[in-house]
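Q: Would you mind keeping the following structure in view while I ask a few things?
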Amino acid sequence: MSECQYIGPEQTRAPFKYCGVRALEGKVYCADHYYVVYKKGSSNLKNNTKAIEAEIAELKRLQEIEEIENV
């Protein structure tokens with residue numbers, strides 16, 4: 001599992017500190033930061049928000065299944 005690589009806009013100088021929370025499976029951001037990053041870049045915010053929320057829910061569901069299978 002990888003860690004969230006979000007550094008945030010408040011960090012303007014190196015060394016940068018990553019979020020560090022567990023990233024969504026196959027992504028470089030945690031659920032909160034994945035939403036922030038991809039919501040900002042949307043020209044069609046309302047539709048994009050629903051798509052992002054659906055994708056995050058599916059990724060979380062898959063992570064839960066993986067955790068159950070690994071117990």
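In the structure tokens, chains take letters A, B, ... by order of appearance, with residues numbered from 1 within each chain and ligands from 1 in the order shown.
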Any idea what's packed within 7 Å of segment 31-34 of chain A, counting only C-alpha atoms, ignoring anything in its chain fewer than 3 positions away? Could you give it as a compact mmCIF listing (two decimals) with C-alpha atoms, in the first residue's frame?

A:
```txt
# COMPACT_ATOMS: atom_id res chain seq x y z
CA TYR A 6 -0.57 15.28 -1.51
CA LEU A 24 -6.61 4.67 -2.38
CA VAL A 37 -7.32 17.45 -6.58
CA TYR A 38 -9.77 16.20 -9.17
CA ILE A 56 -13.85 6.90 -4.23
```

Q: Expressed in Å to a single decimal, how great is the separation between atom CA of Glu67 of chain A and atom CA of Val36 of chain A?

A: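 Separation between atom CA of Glu67 of chain A and atom CA of Val36 of chain A: 25.3 Å.
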
Q: Give me the residues near Gln63 of chain A as a list in words, where near means some atom within 12 Å (using only C-alpha atoms) and where sequence neighbours in that chain fewer than 6 positions away do not count.

A: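 Skipping anything fewer than 6 positions along the chain leaves Met1, Arg22, Ala23, Leu24, Glu25, Gly26, Lys27, Cys30, Ala31, Ile56, Ala57, Glu69 and Asn70 of chain A.
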
Q: As a PyMOL selection string, please: every residue in chain A that a backbone DSSP assignment puts in alpha helix (DSSP H).

A: chain A and resi 31-40+45-69

Q: Just want the 12 Å neighbourhood of Lys17 of chain A, counted on only C-alpha atoms, with same-chain residues fewer than 4 positions away dropped. Output as a PyMOL selection string.

A: chain A and resi 3-13+21

Q: When you draw a straight line from atom CA of Thr49 of chain A to atom CA of Cys19 of chain A, how long is it in Å?

A: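 Computing it gives 21.8 Å between the two atoms.
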